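Colleague: Before I ask anything, let me first share the structure, which is written out below as structure tokens.
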Amino acid sequence: MPIRFDILTTFPEMFATEPPGALALSIPDRARRAGLVEWHATNIRDFTTDKHQKTDDRPFGGGPGMVMSCQPVWDAVCAVEAMDDRPATRVLLTPQGVPLTQPLVEELATMPRLLLLAGHYEGIDERVIRKLDPMEVSIGDFVLSGGELAAIVLMDAVIRLLPGALGDGESAGQDSFSPIGPGGQRLLDCPHYTRPRVWEGEEVPEILLSGDHGRIAAWRLEQSLQRTRERRPDLLAGPPDQPPPA
Ligand code: SAM
């Protein structure tokens, strides 16, 4: 059965397949066509009881911007959850959430159904967030205009991990942040090269032309370790509750 994403948004067009939105191209589109994933975007505006179809209002206490109201968000979530028997894991995209990391992406990829709630304006009324009690996820320490792009990032990262999503010769297991280190550490990927052998006077590393797969694998691992040490030493330090690898 395909993993199911439900996106609750005021901009469902961003998830369209015809004409193609960001996910209806490349690997996510291939996975969708192969029946590995389905997604449904629902417009929160369809659930407002406000006569002007408003989904937001001015903030109590004053200040700039608007706040998404409880009622349309709550009713949209209830209606969408009833569309499928599978229970949905609720995810709110917010800059205040836990960082979206590869281990979290791997965990999300095992779930049968994810409901992604995209905020806009100043955000969503805190009372409905508390009542929904979602997992709160951030795609980085910066602020987007809305949660849709964050939802698309999360979906793309999850979809490419679904078995069969990548074509022959492609492997998510070798990518950056996969546990490819000798002690299972998550490392950065090694550098890659393709033809021509010499470009602008720069040669491809000789070892990659040797045909010796054992030595090539060892070289790639060494390159990964070196890059990780230089660029992301925090990855080698391991999680705070675990001792650093020997
Ligand atoms: N006032 C909010 C704050 O400072 O925490 C920011 C609101 S932002 C302009 C509007 C919406 O964009 C948020 O409700 C959230 O859904 C989404 N968003 C913005 N930055 C994000 C990020 N880094 N990760 C995930 N979602 C984000």
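Identifiers in the structure tokens: chain A, B, ... in order shown; residue index from 1 per chain; ligand index from 1 in order shown.
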Range 12-235 of chain A: which residues are helix (DSSP H, G or I) by DSSP, as a ChimeraX atom specification?
Modeller: /A:12-15,26-33,44-47,70-81,102-108,126-132,147-159,172-174,206-209,213-231,233-235
Colleague: Find the residues around Arg231 in chain A up to 12 Å (only C-alpha atoms counted), leave out those fewer than 4 positions away in its own chain, and share them as an MDAnalysis selection string.
Modeller: chainID A and resid 176 187:189 223:227 235:236
Colleague: From the DSSP assignment of the backbone, select every residue of range 34-112 of chain A that is strand (DSSP E), and format the answer as an MDAnalysis selection string.
Modeller: chainID A and resid 37:43 56:57 67:68 89:99
Colleague: Could you list, as a ChimeraX atom specification, all protein and nucleic acid residues with an atom at most 6 Å from ligand 1, counting only C-alpha atoms and all ligand atoms?
Modeller: /A:93-96,118-123,138-147,150
Colleague: Include N, CA and C atoms and write out the residues we just selected as a PDB file, in the first residue's frame.
Modeller:
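Below is the file out12.pdb, written as the result:
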ATOM      1  N   LEU A  93       4.470  21.890  10.252  1.00  0.00           N
ATOM      2  CA  LEU A  93       5.714  22.512   9.793  1.00  0.00           C
ATOM      3  C   LEU A  93       5.824  23.867  10.479  1.00  0.00           C
ATOM      4  N   THR A  94       6.907  24.046  11.202  1.00  0.00           N
ATOM      5  CA  THR A  94       7.107  25.293  11.943  1.00  0.00           C
ATOM      6  C   THR A  94       8.595  25.507  12.200  1.00  0.00           C
ATOM      7  N   PRO A  95       9.069  26.773  12.126  1.00  0.00           N
ATOM      8  CA  PRO A  95      10.492  26.992  12.432  1.00  0.00           C
ATOM      9  C   PRO A  95      10.832  26.670  13.878  1.00  0.00           C
ATOM     10  N   GLN A  96       9.813  26.460  14.712  1.00  0.00           N
ATOM     11  CA  GLN A  96      10.053  26.189  16.137  1.00  0.00           C
ATOM     12  C   GLN A  96      10.096  24.693  16.444  1.00  0.00           C
ATOM     13  N   ALA A 118       0.455  23.030   7.035  1.00  0.00           N
ATOM     14  CA  ALA A 118       1.294  24.161   6.621  1.00  0.00           C
ATOM     15  C   ALA A 118       0.676  25.462   7.122  1.00  0.00           C
ATOM     16  N   GLY A 119       1.427  26.192   7.907  1.00  0.00           N
ATOM     17  CA  GLY A 119       0.937  27.475   8.408  1.00  0.00           C
ATOM     18  C   GLY A 119       1.250  28.605   7.448  1.00  0.00           C
ATOM     19  N   HIS A 120       0.680  29.759   7.726  1.00  0.00           N
ATOM     20  CA  HIS A 120       0.966  30.973   6.952  1.00  0.00           C
ATOM     21  C   HIS A 120       0.883  32.167   7.875  1.00  0.00           C
ATOM     22  N   TYR A 121       1.162  33.340   7.362  1.00  0.00           N
ATOM     23  CA  TYR A 121       1.071  34.577   8.139  1.00  0.00           C
ATOM     24  C   TYR A 121       1.959  34.465   9.381  1.00  0.00           C
ATOM     25  N   GLU A 122       1.451  34.844  10.542  1.00  0.00           N
ATOM     26  CA  GLU A 122       2.252  34.756  11.777  1.00  0.00           C
ATOM     27  C   GLU A 122       2.291  33.326  12.315  1.00  0.00           C
ATOM     28  N   GLY A 123       1.419  32.467  11.779  1.00  0.00           N
ATOM     29  CA  GLY A 123       1.349  31.095  12.285  1.00  0.00           C
ATOM     30  C   GLY A 123      -0.090  30.745  12.616  1.00  0.00           C
ATOM     31  N   SER A 138      10.844  21.446  11.880  1.00  0.00           N
ATOM     32  CA  SER A 138      11.429  22.603  11.186  1.00  0.00           C
ATOM     33  C   SER A 138      12.406  22.120  10.128  1.00  0.00           C
ATOM     34  N   ILE A 139      12.453  22.799   8.984  1.00  0.00           N
ATOM     35  CA  ILE A 139      13.453  22.410   7.980  1.00  0.00           C
ATOM     36  C   ILE A 139      14.719  23.260   8.096  1.00  0.00           C
ATOM     37  N   GLY A 140      14.816  24.107   9.096  1.00  0.00           N
ATOM     38  CA  GLY A 140      16.056  24.860   9.276  1.00  0.00           C
ATOM     39  C   GLY A 140      15.824  26.141  10.037  1.00  0.00           C
ATOM     40  N   ASP A 141      16.924  26.740  10.460  1.00  0.00           N
ATOM     41  CA  ASP A 141      16.847  27.943  11.276  1.00  0.00           C
ATOM     42  C   ASP A 141      16.724  29.190  10.405  1.00  0.00           C
ATOM     43  N   PHE A 142      15.619  29.280   9.724  1.00  0.00           N
ATOM     44  CA  PHE A 142      15.267  30.440   8.913  1.00  0.00           C
ATOM     45  C   PHE A 142      13.755  30.433   8.792  1.00  0.00           C
ATOM     46  N   VAL A 143      13.192  31.528   8.334  1.00  0.00           N
ATOM     47  CA  VAL A 143      11.726  31.621   8.297  1.00  0.00           C
ATOM     48  C   VAL A 143      11.228  31.732   6.865  1.00  0.00           C
ATOM     49  N   LEU A 144      10.372  30.804   6.510  1.00  0.00           N
ATOM     50  CA  LEU A 144       9.715  30.811   5.195  1.00  0.00           C
ATOM     51  C   LEU A 144       8.398  31.578   5.313  1.00  0.00           C
ATOM     52  N   SER A 145       7.834  31.911   4.164  1.00  0.00           N
ATOM     53  CA  SER A 145       6.542  32.614   4.185  1.00  0.00           C
ATOM     54  C   SER A 145       5.409  31.678   4.562  1.00  0.00           C
ATOM     55  N   GLY A 146       5.577  30.394   4.235  1.00  0.00           N
ATOM     56  CA  GLY A 146       4.518  29.438   4.528  1.00  0.00           C
ATOM     57  C   GLY A 146       5.091  28.041   4.664  1.00  0.00           C
ATOM     58  N   GLY A 147       4.288  27.130   5.196  1.00  0.00           N
ATOM     59  CA  GLY A 147       4.759  25.768   5.451  1.00  0.00           C
ATOM     60  C   GLY A 147       4.777  24.874   4.226  1.00  0.00           C
ATOM     61  N   ALA A 150       8.226  23.840   3.076  1.00  0.00           N
ATOM     62  CA  ALA A 150       8.776  22.923   4.080  1.00  0.00           C
ATOM     63  C   ALA A 150       8.148  21.537   3.918  1.00  0.00           C
TER      64      ALA A 150
END
Colleague: Kindly give the distance, in Å, that separates CA of Ile159 in chain A and CA of Leu36 in chain A, rounded to a single decimal.
Modeller: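 So the two atoms, CA of Ile159 in chain A and CA of Leu36 in chain A, lie 8.2 Å apart.
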Colleague: Considering only C-alpha atoms, state which residue in the set A:Glu81, A:Ala157, A:Ile124, A:Ala76 is at the smallest distance from Leu104 in chain A.
Modeller: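 Selected residue with least distance to Leu104 in chain A: A:Ala157.
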Colleague: With only C-alpha atoms as the atoms that count, which of A:Pro112, A:Glu206, A:Gln53, A:Arg186 lies nearest to Ala88 in chain A?
Modeller: A:Pro112
Colleague: Write out as a list in words the residues lying within 8 Å of Gln185 in chain A, counting only C-alpha atoms and excluding same-chain residues fewer than 2 positions away.
Modeller: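 Here the answer would be Ser178, Pro179, Ile180, Gly181, Pro182, Gly183, Leu187, Leu235, Leu236, Gly238 and Pro245 of chain A.
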Colleague: Name all residues at most 12 Å from Ile129 in chain A (count only C-alpha atoms; drop same-chain ones fewer than 4 positions away) and give them as a VMD selection string.
Modeller: chain A and resid 68 to 71 73 to 74 77 90 to 94 117 to 119 123 to 125 133 to 136
Colleague: When you count only C-alpha atoms, which of these residues is closest to Leu221 in chain A: A:Gly184, A:Pro196, A:Pro19, A:Gly201?
Modeller: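 Under the stated criterion, the closest residue is A:Gly184.
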Colleague: Calculated over only C-alpha atoms, which of the candidates A:Glu230, A:Glu13, A:Glu107, A:Asp56 has the smallest distance to Val158 in chain A?
Modeller: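 The closest residue to Val158 in chain A is A:Glu107.
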